[in-house]
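Asks: Got a file for you: target14.tsv, TSV, C-alpha atoms.
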```tsv
chain	number	residue	atom	x	y	z
A	12	MET	CA	13.61	-24.04	-15.83
A	13	GLN	CA	12.87	-26.66	-13.18
A	14	GLY	CA	10.61	-25.47	-10.38
A	15	ASN	CA	9.21	-22.61	-12.44
A	16	ASN	CA	5.95	-24.21	-13.51
A	17	PHE	CA	3.57	-21.59	-12.12
A	18	SER	CA	2.51	-18.03	-12.90
A	19	VAL	CA	1.28	-15.26	-10.66
A	20	SER	CA	-1.85	-13.55	-11.97
A	21	VAL	CA	-2.54	-9.85	-11.42
A	22	SER	CA	-5.93	-8.35	-12.25
A	23	ALA	CA	-5.56	-4.60	-12.67
A	24	ASP	CA	-8.37	-2.11	-11.97
A	25	THR	CA	-7.56	-0.02	-15.05
A	26	ARG	CA	-5.84	-0.45	-18.39
A	27	ASN	CA	-3.22	2.13	-17.34
A	28	GLU	CA	-2.47	0.14	-14.18
A	29	ALA	CA	-2.04	-3.03	-16.27
A	30	ASP	CA	0.45	-1.17	-18.48
A	31	ARG	CA	2.35	0.18	-15.47
A	32	VAL	CA	2.64	-3.20	-13.72
A	33	PHE	CA	3.52	-5.07	-16.93
A	34	ASN	CA	6.17	-2.52	-17.94
A	35	GLY	CA	7.68	-2.60	-14.46
A	36	PHE	CA	8.22	-6.36	-14.66
A	37	ALA	CA	9.37	-6.18	-18.28
A	38	GLN	CA	11.99	-3.48	-17.63
A	39	PHE	CA	14.58	-6.03	-16.48
A	40	GLY	CA	12.69	-9.16	-17.52
A	41	GLN	CA	11.48	-10.76	-20.72
A	42	ILE	CA	8.09	-10.38	-22.40
A	43	SER	CA	6.46	-13.73	-23.17
A	44	SER	CA	3.31	-12.26	-24.68
A	45	PRO	CA	2.80	-8.50	-25.05
A	46	LEU	CA	-0.28	-6.83	-23.60
A	47	THR	CA	-3.06	-6.93	-26.15
A	48	ASP	CA	-6.84	-7.06	-26.42
A	49	THR	CA	-7.89	-10.71	-26.47
A	50	PHE	CA	-10.77	-12.58	-28.06
A	51	TRP	CA	-12.26	-13.22	-24.59
A	52	GLY	CA	-12.48	-9.47	-23.93
A	53	ALA	CA	-9.53	-8.92	-21.61
A	54	TYR	CA	-6.41	-6.82	-22.03
A	55	PHE	CA	-3.80	-9.48	-21.25
A	56	GLY	CA	-0.08	-10.16	-21.40
A	57	MET	CA	2.61	-12.37	-19.87
A	58	VAL	CA	6.11	-11.48	-18.71
A	59	VAL	CA	8.96	-13.16	-16.83
A	60	ASP	CA	10.59	-10.83	-14.31
A	61	GLN	CA	14.32	-10.50	-13.61
A	62	PHE	CA	14.08	-13.26	-10.98
A	63	GLY	CA	12.44	-15.79	-13.32
A	64	ILE	CA	8.90	-15.42	-11.95
A	65	ASN	CA	6.14	-15.76	-14.56
A	66	TRP	CA	3.46	-13.05	-14.39
A	67	MET	CA	0.09	-12.84	-16.13
A	68	ILE	CA	-1.30	-9.30	-16.15
A	69	SER	CA	-4.89	-8.61	-17.15
A	70	PHE	CA	-7.54	-5.95	-17.14
A	71	GLU	CA	-11.20	-6.67	-17.77
A	72	LYS	CA	-13.61	-3.79	-18.09
A	73	LYS	CA	-16.42	-4.18	-15.59
A	74	THR	CA	-19.89	-4.44	-17.05
A	75	ASP	CA	-23.09	-3.55	-15.23
A	76	LYS	CA	-25.29	-6.65	-15.13
A	77	THR	CA	-28.41	-5.25	-13.45
```
Using the file provided, produce a representation of the structure as structure tokens.
Replies:
Amino acid sequence: MQGNNFSVSVSADTRNEADRVFNGFAQFGQISSPLTDTFWGAYFGMVVDQFGINWMISFEKKTDKT
């Protein structure tokens, strides 16, 4: 679709929040890539909402680097 060459990225604070946000967009939209654990360590998925907006949802567990 012309003019739809961007995605909005959401970084969730918890895995449950990532699921909630992703499922909210997917309810009337279309899943491009389901939420899954990735090789780079994030829980990540992509969805297009009912208005044609591309969303990237991710959750990365915080590590203590002290």
Asks: Looking at A:Ser69, A:Asp60, A:Gly52, A:Thr74, which one is nearest to Gln38 in chain A, with distances taken over all atoms listed in the file?
Replies: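 With all atoms listed in the file as the atom set, the closest residue is A:Asp60.
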Asks: How many Å lie between CA of Ser18 in chain A and CA of Phe55 in chain A, rounded to one decimal?
Replies: 13.5 Å
Asks: Using all atoms listed in the file, can you tell me which of A:Phe62, A:Phe50, A:Phe70, A:Phe17 comes closest to Phe33 in chain A?
Replies: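 Checking each of A:Phe62, A:Phe50, A:Phe70, A:Phe17 against Phe33 in chain A, counting all atoms listed in the file, the winner is A:Phe70.
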Asks: Within 12 Å of Arg26 in chain A, counting only C-alpha atoms, which residues show up once you throw out same-chain ones fewer than 6 positions away? Write them as a PyMOL selection string, please.
Replies: chain A and resi 32-33+46-48+53-56+68-73
Asks: Would you work out the distance separating CA of Glu28 in chain A from CA of Met67 in chain A, expressed in Å to one decimal?
Replies: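 CA of Glu28 in chain A sits 13.4 Å away from CA of Met67 in chain A.
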Asks: Would you compute an axis-aligned box for range 15-26 of chain A, covering every atom listed for it in the file with 8 Å of margin on each side, and report centre and edge lengths in Å to one decimal as JSON?
Replies:
```
{"center_x": 0.4, "center_y": -12.1, "center_z": -14.5, "size_x": 33.6, "size_y": 40.2, "size_z": 23.7}
```
Asks: At what distance in Å, to one decimal, does CA of Ser20 in chain A lie from CA of Asn34 in chain A?
Replies: 14.9 Å
Asks: Show me the residues close to (13.9, -14.6, -16.1) - anything with an atom within 12 Å, counting all atoms listed in the file - and format the list as a list in words.
Replies: Met12, Asn15, Phe36, Ala37, Gln38, Phe39, Gly40, Gln41, Ile42, Ser43, Val58, Val59, Asp60, Gln61, Phe62, Gly63, Ile64, Asn65 and Trp66 of chain A
Asks: Create the file for the chosen residues now, containing C-alpha atoms and written as a compact mmCIF listing (two decimals), in the frame of the given file.
Replies:
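Resulting contents of result09.txt:
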```txt
# COMPACT_ATOMS: atom_id res chain seq x y z
CA MET A 12 13.61 -24.04 -15.83
CA ASN A 15 9.21 -22.61 -12.44
CA PHE A 36 8.22 -6.36 -14.66
CA ALA A 37 9.37 -6.18 -18.28
CA GLN A 38 11.99 -3.48 -17.63
CA PHE A 39 14.58 -6.03 -16.48
CA GLY A 40 12.69 -9.16 -17.52
CA GLN A 41 11.48 -10.76 -20.72
CA ILE A 42 8.09 -10.38 -22.40
CA SER A 43 6.46 -13.73 -23.17
CA VAL A 58 6.11 -11.48 -18.71
CA VAL A 59 8.96 -13.16 -16.83
CA ASP A 60 10.59 -10.83 -14.31
CA GLN A 61 14.32 -10.50 -13.61
CA PHE A 62 14.08 -13.26 -10.98
CA GLY A 63 12.44 -15.79 -13.32
CA ILE A 64 8.90 -15.42 -11.95
CA ASN A 65 6.14 -15.76 -14.56
CA TRP A 66 3.46 -13.05 -14.39
```
